[in-house]
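As provided, input_5.txt (compact mmCIF, C-alpha atoms) reads as follows.
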```txt
# COMPACT_ATOMS: atom_id res chain seq x y z
CA MET D 1 61.78 -8.74 -47.00
CA ALA D 2 58.29 -8.63 -45.51
CA VAL D 3 55.45 -9.51 -47.83
CA TYR D 4 52.13 -7.87 -47.13
CA PRO D 5 48.86 -9.36 -48.36
CA TYR D 6 47.17 -7.49 -51.17
CA THR D 7 44.02 -5.69 -50.16
CA ALA D 8 41.68 -4.98 -53.04
CA PRO D 9 40.29 -1.45 -53.10
CA ARG D 10 36.69 -1.08 -52.06
CA ALA D 11 34.08 0.77 -54.08
CA LEU D 12 33.89 3.85 -51.83
CA ASP D 13 37.45 3.96 -50.44
CA GLY D 14 38.23 7.45 -49.20
CA ILE D 15 34.81 8.90 -50.05
CA GLY D 16 33.08 11.08 -47.47
CA VAL D 17 29.29 10.68 -47.59
CA LEU D 18 26.78 12.86 -45.78
CA VAL D 19 23.85 10.80 -44.47
CA THR D 20 20.82 12.92 -43.62
CA ARG D 21 18.32 10.25 -42.58
CA PRO D 22 16.52 10.42 -39.22
CA ALA D 23 18.55 8.90 -36.40
CA HIS D 24 16.51 5.69 -36.12
CA GLN D 25 16.76 4.96 -39.86
CA ALA D 26 20.41 5.63 -40.60
CA ASP D 27 22.35 2.68 -39.15
CA GLY D 28 21.88 0.31 -42.08
CA LEU D 29 22.97 2.86 -44.66
CA ILE D 30 25.95 3.96 -42.57
CA GLN D 31 27.10 0.35 -42.17
CA ARG D 32 26.85 -0.32 -45.91
CA ILE D 33 28.76 2.85 -46.79
CA GLU D 34 31.55 1.99 -44.37
CA ALA D 35 31.63 -1.64 -45.52
CA ALA D 36 32.30 -0.27 -49.02
CA GLY D 37 35.20 1.81 -47.67
CA GLY D 38 33.39 5.13 -47.37
CA HIS D 39 33.35 7.55 -44.44
CA ALA D 40 29.75 8.21 -43.41
CA ARG D 41 29.02 11.51 -41.69
CA HIS D 42 25.56 11.40 -40.13
CA VAL D 43 23.71 14.67 -39.64
CA PRO D 44 19.94 14.02 -39.36
CA MET D 45 17.85 16.69 -41.04
CA VAL D 46 14.42 15.49 -39.89
CA GLU D 47 13.07 14.05 -36.66
CA ILE D 48 10.16 11.61 -36.56
CA VAL D 49 8.08 12.02 -33.41
CA ALA D 50 4.92 10.43 -32.07
CA LEU D 51 1.63 12.30 -32.11
CA SER D 52 0.95 14.52 -29.12
CA ASP D 53 -2.77 13.72 -29.49
CA PRO D 54 -3.46 10.27 -30.97
CA GLY D 55 -7.21 10.62 -30.45
CA PRO D 56 -8.21 11.26 -34.10
CA LEU D 57 -5.98 8.41 -35.27
CA THR D 58 -7.38 5.90 -32.77
CA ALA D 59 -10.93 6.93 -33.69
CA LEU D 60 -10.17 6.16 -37.34
CA ILE D 61 -8.52 2.85 -36.46
CA ASP D 62 -11.65 1.83 -34.56
CA ARG D 63 -13.64 2.05 -37.83
CA LEU D 64 -10.94 0.64 -40.10
CA GLU D 65 -13.24 -2.11 -41.39
CA HIS D 66 -15.27 0.52 -43.27
CA PHE D 67 -12.40 1.08 -45.74
CA ASP D 68 -11.57 -0.91 -48.85
CA PHE D 69 -7.86 -0.02 -49.00
CA ALA D 70 -5.26 1.18 -46.50
CA VAL D 71 -2.25 2.82 -48.12
CA PHE D 72 0.99 3.32 -46.21
CA ILE D 73 3.23 6.08 -47.53
CA SER D 74 6.48 5.15 -45.78
CA PRO D 75 8.14 2.79 -43.29
CA ASN D 76 7.53 5.46 -40.65
CA ALA D 77 3.81 5.30 -41.39
CA VAL D 78 3.97 1.54 -40.90
CA GLN D 79 5.94 1.73 -37.67
CA HIS D 80 3.66 4.31 -36.09
CA GLY D 81 0.37 3.28 -37.70
CA VAL D 82 0.41 -0.52 -37.67
CA ALA D 83 1.85 -0.68 -34.16
CA LEU D 84 -1.13 1.28 -32.87
CA ILE D 85 -3.58 -0.76 -34.93
CA GLN D 86 -2.23 -4.04 -33.53
CA ALA D 87 -2.43 -2.65 -30.00
CA ARG D 88 -6.15 -1.90 -30.47
CA ARG D 89 -7.60 -4.50 -32.80
CA ALA D 90 -7.15 -7.23 -35.39
CA TRP D 91 -6.65 -6.19 -38.99
CA PRO D 92 -10.02 -6.31 -40.84
CA ALA D 93 -9.95 -9.08 -43.45
CA ASN D 94 -11.79 -6.95 -46.03
CA VAL D 95 -9.20 -4.13 -46.08
CA LYS D 96 -6.48 -4.52 -48.71
CA ILE D 97 -3.06 -3.07 -47.90
CA ALA D 98 -0.83 -1.03 -50.21
CA GLY D 99 2.58 0.60 -49.85
CA VAL D 100 4.51 2.97 -52.08
CA GLY D 101 7.78 1.03 -52.18
CA PRO D 102 9.82 -1.99 -51.11
CA GLY D 103 10.93 -0.39 -47.85
CA THR D 104 7.31 0.11 -46.84
CA ALA D 105 6.44 -3.43 -47.93
CA LYS D 106 9.33 -4.79 -45.88
CA ALA D 107 8.16 -2.87 -42.82
CA LEU D 108 4.64 -4.24 -43.30
CA ALA D 109 6.02 -7.77 -43.61
CA GLU D 110 7.72 -7.35 -40.23
CA PHE D 111 4.23 -6.85 -38.78
CA GLY D 112 2.96 -9.96 -40.56
CA HIS D 113 1.42 -8.30 -43.62
CA ASN D 114 2.87 -10.02 -46.67
CA ASP D 115 0.08 -9.52 -49.23
CA VAL D 116 0.84 -5.88 -50.05
CA LEU D 117 0.07 -3.98 -53.25
CA THR D 118 3.15 -2.03 -54.38
CA PRO D 119 4.02 -0.19 -57.60
CA LEU D 120 4.99 -2.37 -60.52
CA THR D 121 7.25 0.28 -62.06
CA CYS D 122 8.49 3.39 -60.25
CA PHE D 123 8.24 3.28 -56.47
CA SER D 124 6.14 6.37 -55.83
CA SER D 125 2.57 7.60 -55.60
CA GLU D 126 2.55 7.76 -59.39
CA GLY D 127 3.61 4.13 -59.60
CA LEU D 128 0.91 3.02 -57.17
CA LEU D 129 -1.73 4.90 -59.14
CA GLU D 130 -0.75 2.91 -62.24
CA ARG D 131 -1.87 -0.36 -60.65
CA GLU D 132 -5.12 -1.82 -61.95
CA GLU D 133 -6.54 -1.94 -58.42
CA PHE D 134 -6.46 1.86 -58.24
CA GLN D 135 -7.78 2.59 -61.72
CA GLN D 136 -11.46 1.91 -61.07
CA VAL D 137 -12.09 3.11 -57.53
CA ALA D 138 -15.41 4.98 -57.81
CA GLY D 139 -17.25 4.56 -54.50
CA LYS D 140 -14.28 2.90 -52.80
CA ARG D 141 -13.14 4.13 -49.40
CA ILE D 142 -9.38 4.55 -49.02
CA VAL D 143 -7.35 5.61 -45.98
CA ILE D 144 -3.81 6.91 -46.40
CA PHE D 145 -1.47 6.50 -43.42
CA ARG D 146 1.19 9.21 -43.44
CA GLY D 147 2.95 11.90 -41.43
CA ASN D 148 1.89 15.51 -41.16
CA GLY D 149 1.75 17.28 -44.50
CA GLY D 150 3.28 15.59 -47.50
CA ARG D 151 2.22 15.23 -51.12
CA GLU D 152 -1.44 15.49 -52.08
CA LEU D 153 -1.09 13.75 -55.46
CA LEU D 154 -2.26 10.30 -54.39
CA ALA D 155 -5.40 11.51 -52.62
CA THR D 156 -6.16 14.06 -55.34
CA VAL D 157 -6.05 11.53 -58.18
CA LEU D 158 -7.96 8.89 -56.24
CA ARG D 159 -10.70 11.44 -55.49
CA GLU D 160 -10.80 12.42 -59.15
CA ARG D 161 -11.39 8.74 -59.91
CA GLY D 162 -14.35 8.71 -57.53
CA ALA D 163 -12.85 7.32 -54.34
CA ARG D 164 -13.59 8.65 -50.87
CA VAL D 165 -10.20 9.31 -49.29
CA GLU D 166 -9.23 10.06 -45.70
CA TYR D 167 -5.85 10.70 -44.15
CA ALA D 168 -4.61 8.95 -41.02
CA GLU D 169 -1.74 11.10 -39.75
CA CYS D 170 0.24 8.81 -37.48
CA TYR D 171 3.48 10.70 -36.81
CA HIS D 172 5.00 14.15 -37.14
CA ARG D 173 8.07 15.26 -39.05
CA ARG D 174 9.99 18.26 -37.84
CA PRO D 175 13.40 19.78 -38.59
CA ALA D 176 16.13 18.26 -36.46
CA ALA D 177 18.30 20.47 -34.29
CA ILE D 178 21.54 21.08 -36.20
CA ASP D 179 24.89 22.60 -35.33
CA ALA D 180 25.16 24.65 -38.52
CA ASP D 181 28.79 25.61 -37.93
CA ALA D 182 29.82 21.96 -37.49
CA LEU D 183 27.87 21.07 -40.61
CA ARG D 184 29.62 23.72 -42.70
CA ARG D 185 33.02 22.59 -41.36
CA LEU D 186 32.52 19.26 -43.12
CA TRP D 187 32.99 21.22 -46.34
CA THR D 188 35.75 23.54 -45.20
CA GLU D 189 37.69 20.52 -43.92
CA ARG D 190 37.06 18.68 -47.23
CA ALA D 191 35.47 15.79 -45.36
CA LEU D 192 32.61 15.32 -47.83
CA HIS D 193 32.47 14.30 -51.46
CA ILE D 194 28.78 13.50 -51.90
CA VAL D 195 25.44 13.97 -50.11
CA THR D 196 22.47 11.63 -49.72
CA ALA D 197 18.87 12.68 -49.04
CA ALA D 198 15.76 10.51 -48.83
CA SER D 199 12.98 13.10 -48.60
CA PRO D 200 12.19 16.59 -49.90
CA ASP D 201 11.98 17.83 -46.31
CA ALA D 202 15.51 16.62 -45.58
CA LEU D 203 16.83 18.28 -48.71
CA ARG D 204 15.15 21.60 -47.99
CA HIS D 205 16.25 21.60 -44.34
CA LEU D 206 19.81 20.88 -45.41
CA VAL D 207 19.88 23.84 -47.79
CA ALA D 208 18.40 26.08 -45.09
CA ALA D 209 20.84 24.83 -42.44
CA MET D 210 23.88 25.64 -44.59
CA GLY D 211 22.77 29.27 -44.73
CA ASP D 212 24.27 31.93 -46.95
CA ALA D 213 27.78 31.05 -45.75
CA GLY D 214 27.70 27.45 -46.91
CA ARG D 215 24.99 27.16 -49.54
CA ALA D 216 27.28 27.52 -52.54
CA SER D 217 29.51 24.68 -51.34
CA LEU D 218 26.52 22.41 -50.78
CA LEU D 219 24.94 23.13 -54.15
CA ALA D 220 28.21 22.30 -55.90
CA THR D 221 28.36 18.87 -54.20
CA PRO D 222 27.12 15.70 -55.97
CA LEU D 223 23.86 14.38 -54.57
CA VAL D 224 22.03 11.05 -54.40
CA VAL D 225 18.24 11.19 -54.06
CA VAL D 226 15.60 8.47 -54.12
CA SER D 227 13.07 9.62 -56.73
CA SER D 228 12.84 11.60 -59.94
CA ARG D 229 10.62 14.08 -58.09
CA MET D 230 13.41 14.70 -55.59
CA ALA D 231 15.90 15.14 -58.43
CA ALA D 232 13.67 17.86 -59.86
CA ILE D 233 13.41 19.53 -56.45
CA ALA D 234 17.21 19.45 -56.12
CA ARG D 235 17.57 21.30 -59.41
CA GLU D 236 14.96 23.83 -58.31
CA LEU D 237 16.96 24.41 -55.12
CA GLY D 238 20.05 25.13 -57.22
CA PHE D 239 22.12 21.92 -57.10
CA SER D 240 24.53 22.24 -59.99
CA ALA D 241 26.67 19.11 -59.60
CA ALA D 242 25.66 15.56 -60.51
CA VAL D 243 22.27 14.50 -59.13
CA LEU D 244 21.88 10.71 -59.14
CA THR D 245 18.56 8.96 -58.53
CA ALA D 246 18.67 5.63 -56.68
CA ARG D 247 16.21 3.00 -57.95
CA ASP D 248 14.43 3.11 -54.58
CA ALA D 249 14.95 4.43 -51.04
CA GLY D 250 16.54 1.27 -49.65
CA ASP D 251 20.08 1.08 -48.30
CA THR D 252 21.28 -1.19 -51.10
CA ALA D 253 19.93 1.07 -53.85
CA VAL D 254 21.46 4.21 -52.31
CA VAL D 255 24.89 2.57 -51.98
CA GLU D 256 24.65 1.30 -55.56
CA ALA D 257 24.04 4.88 -56.69
CA LEU D 258 27.03 6.08 -54.66
CA GLU D 259 29.20 3.40 -56.22
CA ALA D 260 27.98 4.30 -59.72
CA TRP D 261 28.95 7.92 -59.08
CA ARG D 262 32.39 6.84 -57.85
CA ARG D 263 32.94 4.69 -60.95
CA SER D 264 31.98 7.61 -63.17
CA ARG D 265 34.66 9.74 -61.50
CA ILE D 266 37.31 7.07 -61.98
CA SER D 267 36.46 6.72 -65.67
CA LEU D 268 36.91 10.43 -66.35
```
What is this file in structure tokens?
Amino acid sequence: MAVYPYTAPRALDGIGVLVTRPAHQADGLIQRIEAAGGHARHVPMVEIVALSDPGPLTALIDRLEHFDFAVFISPNAVQHGVALIQARRAWPANVKIAGVGPGTAKALAEFGHNDVLTPLTCFSSEGLLEREEFQQVAGKRIVIFRGNGGRELLATVLRERGARVEYAECYHRRPAAIDADALRRLWTERALHIVTAASPDALRHLVAAMGDAGRASLLATPLVVVSSRMAAIARELGFSAAVLTARDAGDTAVVEALEAWRRSRISL
């Protein structure tokens, strides 16, 4: 009689996971999901594109030494902002660098910036504002590298504390082109068990893309998000199933949240 080796079950065996990250940022998460036995279905909700007119950004970069702090909101801000800075000039020694989370800090490290101020508690604008360096900022000049739009909280609070704040928009976000029928079929074919989203824009575009025909199915699907703010937005949008918040936006943290959800189902 043939004897087959025992294969231990993996944490996400048989679980279909919707990955909504932009195309250039999804590979790591997809690989980790599939390594854990899951089936990743990638449907990008947002595209990250270069500026059509980089003139205002390059003009700001040319006077970067006049700032005290440069804050990077996301890895995308690093990729698009620091790359252009390094193409034009050396980083001014007097300008301290900050990032809102470990993913941003990692992206900065890849460009050689290792001395980065990051939140000590929650990885968010709120967490960065808790740092001592951003408590007493009257008269300080701060530039925030980001995409178009986005939250105003960081700049608003820093201005209330007396800082002079400017934005350096270094990329654009826009809704990705989506085959809505194919997206909805993932639910009708029972191919999905849980959804992941890493930004409010991605979450809102996903709800809009599902349309009236598929919205109820989406909102009844468990969801992993990357901040308490996003969890609140998910509830406002009508998500009624479990909403889990990963400890940060990194691949490892998102997969850990997926695995925690799977364990909770098994224990029921």
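If you count all atoms listed in the file and draw a sphere of 7 Å around (22.6, 16.2, -48.5), the protein and nucleic acid residues inside it come out as Leu18, Val19, Thr20, Val195, Thr196, Ala197, Leu203, Leu206 and Leu223 of chain D.
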Select from region 24-115 of chain D every residue with an atom at most 7 Å from any atom of region 171-182 of chain D, then for each give the shortest pair of atoms and their distance in Å to one decimal, using all atoms listed in the file, rows by chain and rising number, as a Markdown table.
```
| residue | atom | partner | partner_atom | distance |
| --- | --- | --- | --- | --- |
| D:Pro44 | CA | D:Ala176 | CA | 6.4 |
| D:Met45 | CA | D:Ala176 | CA | 5.1 |
| D:Val46 | CA | D:Pro175 | CA | 4.6 |
| D:Glu47 | CA | D:Ala176 | CA | 5.2 |
| D:Ile48 | CA | D:Arg173 | CA | 4.9 |
| D:Val49 | CA | D:His172 | CA | 5.3 |
| D:Ala50 | CA | D:Tyr171 | CA | 5.0 |
| D:Leu51 | CA | D:Tyr171 | CA | 5.3 |
| D:His80 | CA | D:Tyr171 | CA | 6.4 |
```
task: May I have the residues within 10 Å of Ser228 (chain D) as a ChimeraX atom specification, using all atoms listed in the file and disregarding those fewer than 5 positions away in the same chain?
output: /D:122,124,233-234,243-247
statement: The distance between CA of Ala83 (chain D) and CA of Ala202 (chain D) is 24.8 Å
message: Need the shell around region 130-132 of chain D: protein/DNA/RNA residues with any atom at most 9 Å away, counting all atoms listed in the file. Skip same-chain ones fewer than 2 positions apart. Format as a PyMOL selection string?
response: chain D and resi 117-121+125-128+134-136
Please write the residues from the selection above to a file, keeping C-alpha atoms, as a short mmCIF file (atom, residue, chain, number, x, y, z; two decimals), in the frame of the given file.
```
data_model
loop_
_atom_site.label_atom_id
_atom_site.label_comp_id
_atom_site.auth_asym_id
_atom_site.auth_seq_id
_atom_site.Cartn_x
_atom_site.Cartn_y
_atom_site.Cartn_z
CA LEU D 117 0.07 -3.98 -53.25
CA THR D 118 3.15 -2.03 -54.38
CA PRO D 119 4.02 -0.19 -57.60
CA LEU D 120 4.99 -2.37 -60.52
CA THR D 121 7.25 0.28 -62.06
CA SER D 125 2.57 7.60 -55.60
CA GLU D 126 2.55 7.76 -59.39
CA GLY D 127 3.61 4.13 -59.60
CA LEU D 128 0.91 3.02 -57.17
CA PHE D 134 -6.46 1.86 -58.24
CA GLN D 135 -7.78 2.59 -61.72
CA GLN D 136 -11.46 1.91 -61.07
#
```
